[in-house]
>>> print(open('start12.cif').read())   # mmCIF, C-alpha atoms
data_final
#
loop_
_atom_site.label_atom_id
_atom_site.label_comp_id
_atom_site.auth_asym_id
_atom_site.auth_seq_id
_atom_site.Cartn_x
_atom_site.Cartn_y
_atom_site.Cartn_z
CA MET G 1 0.00 0.00 0.00
CA GLU G 2 1.46 3.35 -1.04
CA PHE G 3 0.85 6.32 1.21
CA ILE G 4 0.76 9.87 -0.07
CA ASP G 5 0.86 12.99 2.05
CA VAL G 6 -0.81 15.44 -0.31
CA TYR G 7 0.26 18.58 1.53
CA ALA G 8 3.50 18.60 3.50
CA GLY G 9 3.92 22.38 3.74
CA GLY G 10 6.65 24.09 1.73
CA GLN G 11 9.20 22.29 -0.41
CA ASP G 12 12.26 21.15 1.54
CA PRO G 13 14.82 18.43 0.67
CA GLU G 14 15.07 17.55 4.38
CA LYS G 15 11.35 16.75 4.44
CA VAL G 16 11.81 14.44 1.46
CA ALA G 17 14.65 12.63 3.26
CA VAL G 18 12.50 12.18 6.37
CA ALA G 19 9.56 11.03 4.24
CA ASP G 20 11.79 8.45 2.54
CA TRP G 21 12.82 7.11 5.94
CA LEU G 22 9.18 6.94 7.05
CA GLY G 23 8.06 5.34 3.79
CA ILE G 24 5.63 7.97 2.56
CA LYS G 25 5.47 10.03 -0.62
CA ILE G 26 4.96 13.73 -0.06
CA ALA G 27 3.77 16.66 -2.13
CA PRO G 28 5.63 18.90 -2.80
CA GLY G 29 8.63 16.60 -3.10
CA HIS G 30 7.88 13.23 -4.62
CA HIS G 31 4.83 14.69 -6.34
CA SER G 32 4.43 18.25 -7.57
CA LEU G 33 1.88 20.46 -5.87
CA LEU G 34 0.60 23.91 -6.70
CA VAL G 35 -1.12 25.78 -3.90
CA SER G 36 -2.78 28.91 -5.17
CA ASN G 37 -6.07 30.73 -4.89
CA ASP G 38 -5.49 32.49 -8.21
CA HIS G 39 -7.72 30.91 -10.88
CA LYS G 40 -5.65 32.16 -13.80
CA LYS G 41 -2.41 30.79 -12.38
CA VAL G 42 -4.07 27.46 -11.63
CA ARG G 43 -5.52 27.12 -15.13
CA ALA G 44 -2.20 27.96 -16.75
CA ALA G 45 -0.16 25.51 -14.67
CA ARG G 46 -2.76 22.76 -14.28
CA LYS G 47 -1.43 20.22 -16.77
CA GLY G 48 2.14 20.41 -15.50
CA VAL G 49 1.51 19.50 -11.86
CA ASP G 50 0.28 16.39 -10.05
CA PHE G 51 -1.88 18.13 -7.45
CA VAL G 52 -3.52 21.53 -7.38
CA ALA G 53 -4.89 22.85 -4.12
CA GLY G 54 -6.33 26.01 -2.66
CA ILE G 55 -6.33 27.37 0.88
CA PRO G 56 -9.61 29.20 1.33
CA SER G 57 -9.71 31.85 4.00
CA GLY G 58 -13.37 31.40 4.76
CA ARG G 59 -16.51 29.51 3.92
CA ALA G 60 -17.64 32.01 1.30
CA GLN G 61 -14.38 31.73 -0.61
CA LEU G 62 -14.42 27.93 -0.37
CA ASN G 63 -17.98 27.90 -1.66
CA GLN G 64 -16.91 29.94 -4.67
CA MET G 65 -13.74 27.94 -5.36
CA LEU G 66 -15.48 24.57 -5.16
CA THR G 67 -17.13 25.11 -8.53
CA ASP G 68 -13.73 25.27 -10.24
CA THR G 69 -12.88 21.76 -11.45
CA HIS G 70 -9.21 22.64 -11.89
CA TYR G 71 -8.67 22.14 -8.17
CA ASP G 72 -8.04 18.66 -6.78
CA PHE G 73 -8.55 19.49 -3.14
CA PHE G 74 -8.87 22.30 -0.65
CA ILE G 75 -6.84 22.56 2.51
CA VAL G 76 -9.11 23.07 5.47
CA HIS G 77 -7.30 24.52 8.47
CA PRO G 78 -8.93 24.16 11.90
CA ASP G 79 -10.03 27.81 11.92
CA LEU G 80 -12.37 27.04 9.02
CA ARG G 81 -15.54 25.38 10.23
CA LEU G 82 -17.00 23.14 7.52
CA SER G 83 -20.73 23.02 6.97
CA LYS G 84 -22.88 20.19 5.63
CA ARG G 85 -23.61 22.25 2.54
CA ILE G 86 -19.94 22.69 1.71
CA VAL G 87 -19.15 19.00 2.16
CA ARG G 88 -22.10 18.02 -0.05
CA MET G 89 -20.99 20.53 -2.65
CA ALA G 90 -17.40 19.20 -2.57
CA LYS G 91 -18.81 15.71 -3.06
CA ARG G 92 -20.89 16.84 -6.04
CA TYR G 93 -17.88 18.50 -7.68
CA GLU G 94 -15.65 15.50 -6.88
CA THR G 95 -13.25 17.71 -4.98
CA ALA G 96 -11.52 16.43 -1.89
CA LEU G 97 -11.07 18.22 1.42
CA ALA G 98 -7.63 17.91 2.98
CA VAL G 99 -7.23 18.30 6.71
CA PRO G 100 -3.70 19.09 7.96
CA LEU G 101 -2.84 17.29 11.19
CA ALA G 102 0.24 19.26 12.27
CA PRO G 103 -1.85 21.82 14.26
CA VAL G 104 -3.21 18.93 16.34
CA PHE G 105 0.29 18.00 17.57
CA SER G 106 0.05 20.82 20.10
CA LEU G 107 -2.82 18.86 21.77
CA LYS G 108 -4.76 22.08 22.28
CA GLN G 109 -8.37 21.17 23.05
CA LYS G 110 -9.81 23.81 20.74
CA LEU G 111 -7.79 22.63 17.72
CA LEU G 112 -8.52 18.98 18.45
CA ARG G 113 -12.23 19.66 18.73
CA ARG G 114 -12.41 21.64 15.49
CA THR G 115 -10.29 19.19 13.50
CA ARG G 116 -12.32 16.28 14.85
CA ARG G 117 -15.54 18.00 13.88
CA ASN G 118 -14.34 18.68 10.33
CA VAL G 119 -13.03 15.17 9.63
CA LEU G 120 -16.12 13.48 11.07
CA LEU G 121 -18.44 15.68 9.03
CA VAL G 122 -16.66 14.74 5.79
CA GLN G 123 -16.73 11.06 6.74
CA ASP G 124 -20.39 11.06 7.76
CA LEU G 125 -21.53 12.77 4.55
CA GLY G 126 -19.45 10.45 2.37
CA GLY G 127 -17.08 13.09 1.04
CA THR G 128 -13.49 12.55 -0.01
CA LEU G 129 -11.20 13.28 2.90
CA LEU G 130 -7.45 13.57 2.66
CA LEU G 131 -5.35 13.42 5.80
CA CYS G 132 -2.12 15.34 5.35
CA SER G 133 0.62 16.51 7.66
CA GLY G 134 0.70 20.19 6.65
CA ALA G 135 4.21 20.09 8.10
CA GLY G 136 5.93 23.36 8.85
CA SER G 137 9.22 21.55 9.56
CA PRO G 138 10.71 18.10 8.81
CA ALA G 139 9.91 17.10 12.42
CA GLU G 140 6.19 17.30 11.63
CA ILE G 141 6.23 14.72 8.84
CA ARG G 142 4.54 11.46 9.80
CA SER G 143 4.28 8.08 8.11
CA GLY G 144 1.09 7.11 6.29
CA ARG G 145 -0.07 4.67 8.92
CA ASP G 146 0.63 7.24 11.63
CA LEU G 147 -1.52 9.83 9.86
CA ALA G 148 -4.28 7.24 9.60
CA ALA G 149 -3.81 6.35 13.28
CA ILE G 150 -4.21 10.01 14.26
CA GLY G 151 -7.38 10.00 12.14
CA VAL G 152 -8.65 6.99 14.09
CA LEU G 153 -7.80 8.79 17.31
CA LEU G 154 -9.96 11.70 16.11
CA GLY G 155 -12.88 9.32 15.58
CA LEU G 156 -12.59 8.14 11.96
CA LYS G 157 -13.27 4.56 11.00
CA PRO G 158 -9.93 2.71 10.52
CA ASP G 159 -10.70 1.76 6.90
CA TYR G 160 -11.74 5.28 5.96
CA ALA G 161 -8.68 6.78 7.70
CA ARG G 162 -6.36 4.53 5.70
CA LYS G 163 -8.18 5.41 2.47
CA ALA G 164 -7.69 9.09 3.27
CA VAL G 165 -3.91 8.61 3.07
CA SER G 166 -3.62 6.02 0.33
CA ARG G 167 -6.57 5.31 -1.95
CA PHE G 168 -8.07 8.78 -2.28
CA PRO G 169 -4.78 10.52 -3.24
CA ALA G 170 -4.01 7.68 -5.67
CA GLN G 171 -7.45 8.12 -7.26
CA ILE G 172 -6.80 11.83 -7.74
CA LEU G 173 -3.44 11.09 -9.38
CA LYS G 174 -5.05 8.54 -11.69
CA ARG G 175 -7.86 10.93 -12.60
CA ASN G 176 -5.35 13.67 -13.41
CA GLU G 177 -3.39 11.29 -15.59
CA GLY G 178 -6.52 10.73 -17.67
CA ARG G 179 -7.39 14.41 -17.76
CA ARG G 180 -3.93 15.34 -19.04
CA LYS G 181 -4.77 13.53 -22.27
CA GLN G 182 -7.92 15.60 -22.72
CA GLU G 183 -7.82 18.67 -24.89
CA VAL G 184 -9.69 20.78 -22.36
CA TRP G 185 -9.23 20.02 -18.64
CA GLY G 186 -12.17 18.02 -17.33
CA VAL G 187 -13.97 17.74 -20.68
CA GLU G 188 -14.09 14.28 -22.15
CA VAL G 189 -15.10 13.85 -25.81
CA LEU G 190 -17.25 10.75 -26.26
CA GLU G 191 -17.18 9.16 -29.68
CA MET J 1 -2.45 -8.41 22.61
CA ARG J 2 -0.14 -6.90 20.03
CA TYR J 3 3.58 -6.37 20.51
CA ILE J 4 5.08 -3.54 18.47
CA VAL J 5 8.78 -2.99 17.85
CA VAL J 6 9.40 0.65 17.10
CA GLU J 7 12.39 2.42 15.59
CA TRP J 8 12.52 6.04 16.72
CA MET J 9 13.75 8.66 14.33
CA GLU J 10 15.59 10.74 16.90
CA LYS J 11 16.67 9.85 20.43
CA LYS J 12 14.62 7.06 21.98
CA PRO J 13 12.19 8.66 24.45
CA ASP J 14 12.23 7.74 28.10
CA ASP J 15 9.70 5.04 29.12
CA ARG J 16 8.11 7.43 31.58
CA GLU J 17 7.70 10.04 28.83
CA VAL J 18 6.00 7.49 26.58
CA TYR J 19 3.58 6.48 29.35
CA ARG J 20 2.83 10.11 30.10
CA GLN J 21 2.10 10.89 26.43
CA VAL J 22 -0.26 7.91 26.02
CA ALA J 23 -2.01 8.74 29.29
CA LYS J 24 -2.38 12.37 28.24
CA VAL J 25 -3.98 11.50 24.90
CA LEU J 26 -6.05 8.44 25.81
CA GLY J 27 -6.77 9.42 29.39
CA GLU J 28 -6.19 7.25 32.45
CA ILE J 29 -9.19 5.05 31.61
CA GLY J 30 -8.00 4.65 28.02
CA LEU J 31 -4.53 3.75 29.25
CA ALA J 32 -5.99 1.07 31.49
CA ARG J 33 -8.40 -0.30 28.90
CA SER J 34 -5.73 -0.42 26.18
CA GLU J 35 -3.53 -2.47 28.52
CA PHE J 36 -0.61 -0.38 27.34
CA LYS J 37 2.78 -1.63 28.51
CA LEU J 38 6.41 -1.14 27.66
CA LEU J 39 8.44 -4.33 27.84
CA ASN J 40 12.14 -3.63 27.26
CA GLY J 41 11.30 -1.07 24.58
CA VAL J 42 8.58 -3.21 22.98
CA ILE J 43 5.16 -1.56 23.03
CA ALA J 44 2.34 -3.87 24.06
CA CYS J 45 -1.36 -3.07 23.89
CA ASP J 46 -4.75 -4.61 23.26
CA ARG J 47 -5.38 -5.58 19.61
CA LYS J 48 -8.29 -3.14 19.25
CA TRP J 49 -6.27 -0.23 20.60
CA VAL J 50 -3.26 -0.48 18.28
CA ASP J 51 -4.34 2.42 16.05
CA LYS J 52 -5.15 4.70 18.97
CA VAL J 53 -1.91 3.96 20.80
CA ARG J 54 0.02 4.52 17.59
CA GLY J 55 -1.86 7.77 16.99
CA ALA J 56 -1.09 8.93 20.52
CA LEU J 57 2.63 8.33 19.98
CA ALA J 58 2.58 9.85 16.48
CA LEU J 59 1.21 13.09 17.89
CA ARG J 60 4.61 13.64 19.49
CA TRP J 61 7.32 11.50 17.91
CA GLN J 62 8.48 10.35 14.52
CA PHE J 63 8.99 6.62 14.33
CA ARG J 64 8.46 3.63 12.13
CA VAL J 65 7.14 0.26 13.12
CA LYS J 66 9.68 -2.46 12.43
CA LYS J 67 7.59 -5.41 13.52
CA ILE J 68 4.16 -6.08 14.89
CA SER J 69 3.34 -9.45 16.37
CA GLY J 70 0.76 -11.29 18.44
CA THR J 71 3.43 -12.67 20.77
CA LEU J 72 6.34 -11.08 22.56
CA LYS J 73 8.57 -13.90 21.35
CA GLY J 74 7.58 -13.18 17.74
CA ALA J 75 8.24 -9.47 18.15
CA THR J 76 11.69 -9.88 19.66
CA LYS J 77 12.84 -12.75 17.44
#
>>> encode(input="start12.cif", output="structure tokens")
Amino acid sequence: MEFIDVYAGGQDPEKVAVADWLGIKIAPGHHSLLVSNDHKKVRAARKGVDFVAGIPSGRAQLNQMLTDTHYDFFIVHPDLRLSKRIVRMAKRYETALAVPLAPVFSLKQKLLRRTRRNVLLVQDLGGTLLLCSGAGSPAEIRSGRDLAAIGVLLGLKPDYARKAVSRFPAQILKRNEGRRKQEVWGVEVLE
Amino acid sequence: MRYIVVEWMEKKPDDREVYRQVAKVLGEIGLARSEFKLLNGVIACDRKWVDKVRGALALRWQFRVKKISGTLKGATK
């Protein structure tokens, strides 16, 4: 089983070395990742990168960005409180929601509660959840099974937590591979 | 029970520190119910609590699991 950390903070060769030791692929590093809220930049660079993500500052912005199919996932920090409507919308647009776990390492009750609420909401509504480290430093990188274990600790089902680190990112990569062959991103011509 | 052999990325943490971390995350009741133990550096816990114990440790340390076994003999072999 291959584990992919879809958002490991900024690019750093040290992080890649740690990830190699832990047996996990990270983006940026092993896979390319573009994090931008600029639609034009995203559209221009889309075909050249493995993952494209956005970091919305609030619910309104996330709501607006969800309709753009150029994004693979959105990074949901604990200060952003997800709503049922947003998760359903993300599901409809086949966009994943990535929850960084590095803020939880501080064990602050408030952060734990908010992160737990967000991940459980995505799970309960059947959305695509991605568990990522969101590492600010190499010390915050964790192995795939450890990320899944933290997910279980937050209340996720073990199977779903493992999928959030392995199958869901792999599905996104596979989908992007197919879309790269299309003339227009996300538009398939049926013969 | 499951016996887990762990390789720590940095300096191996003190046994007391490991206990304290697990107790802090799982709570005293969780610690008791998980039957968490440290046996000469090998982590032992109830089968159903493996993920939670691992998660509790991962919240603080970087490590990789070298071996996981149903018997202590199998883990230390």
>>> closest_atom_pairs(input="start12.cif", of="segment 85-170 of chain G", to="segment 23-39 of chain J", cutoff="12 Å", atoms="all atoms listed in the file", output="Markdown table")
| residue | atom | partner | partner_atom | distance |
| --- | --- | --- | --- | --- |
| G:Val104 | CA | J:Val25 | CA | 11.4 |
| G:Phe105 | CA | J:Val25 | CA | 10.7 |
| G:Ser106 | CA | J:Val25 | CA | 11.2 |
| G:Leu107 | CA | J:Val25 | CA | 8.1 |
| G:Lys108 | CA | J:Val25 | CA | 10.9 |
| G:Gln109 | CA | J:Val25 | CA | 10.8 |
| G:Leu112 | CA | J:Val25 | CA | 10.9 |
| G:Ile150 | CA | J:Val25 | CA | 10.7 |
| G:Leu153 | CA | J:Leu26 | CA | 8.7 |
| G:Leu154 | CA | J:Val25 | CA | 10.6 |
>>> residues_near_point(input="start12.cif", point="(-5.0, 13.9, 4.6)", cutoff="9 Å", atoms="all atoms listed in the file", output="MDAnalysis selection string")
chainID G and resid 4:7 97:101 129:134 147:148 151 161 164:165 169
>>> closest_residue(input="start12.cif", among="J:Lys77, J:Arg20, J:Ser69, J:Ile4", to="Arg54 of chain J", atoms="all atoms listed in the file")
J:Ile4
>>> resolve_selection(input="start12.cif", expression="the PyMOL selection byres ((chain G and resi 73) around 12)", output="ChimeraX atom specification")
/G:6-7,33-37,50-56,62,65-72,74-76,87,90-91,93-99,127-132,168-169,172-173
>>> residues_around(input="start12.cif", residues="Gly23 of chain G", least_positions_apart="5", cutoff="9 Å", atoms="all atoms listed in the file", output="MDAnalysis selection string")
(chainID G and resid 2:3 18 143:144) or (chainID J and resid 64)
>>> closest_residue(input="start12.cif", among="G:Val187, G:Leu80, G:Ile24, G:Ala170", to="chain J", atoms="all atoms listed in the file")
G:Ile24
>>> axis_aligned_box(input="start12.cif", around="segment 114-120 of chain G", padding_each_side="8 Å", output="JSON")
{"center_x": -13.2, "center_y": 17.6, "center_z": 12.6, "size_x": 21.8, "size_y": 24.2, "size_z": 21.9}
>>> resolve_selection(input="start12.cif", expression="the PyMOL selection byres ((chain J) within 8 of (chain G))", output="VMD selection string")
chain J and resid 51 to 52 54 to 56 58 to 60 62 to 64
>>> resolve_selection(input="start12.cif", expression="the PyMOL selection byres ((chain J and resi 75) around 12)", output="number ranges by chain")
J: 1-6, 39-44, 65-74, 76-77
>>> atom_distance(input="start12.cif", atom1="atom CA of Leu125 of chain G", atom2="atom CA of Gly186 of chain G")
24.4 Å
>>> atom_distance(input="start12.cif", atom1="atom CA of Asp79 of chain G", atom2="atom CA of Arg117 of chain G")
11.4 Å
>>> residues_around(input="start12.cif", residues="Ser83 of chain G", least_positions_apart="6", cutoff="9 Å", atoms="all atoms listed in the file", output="list in words")
Arg59, Asn118 and Leu121 of chain G
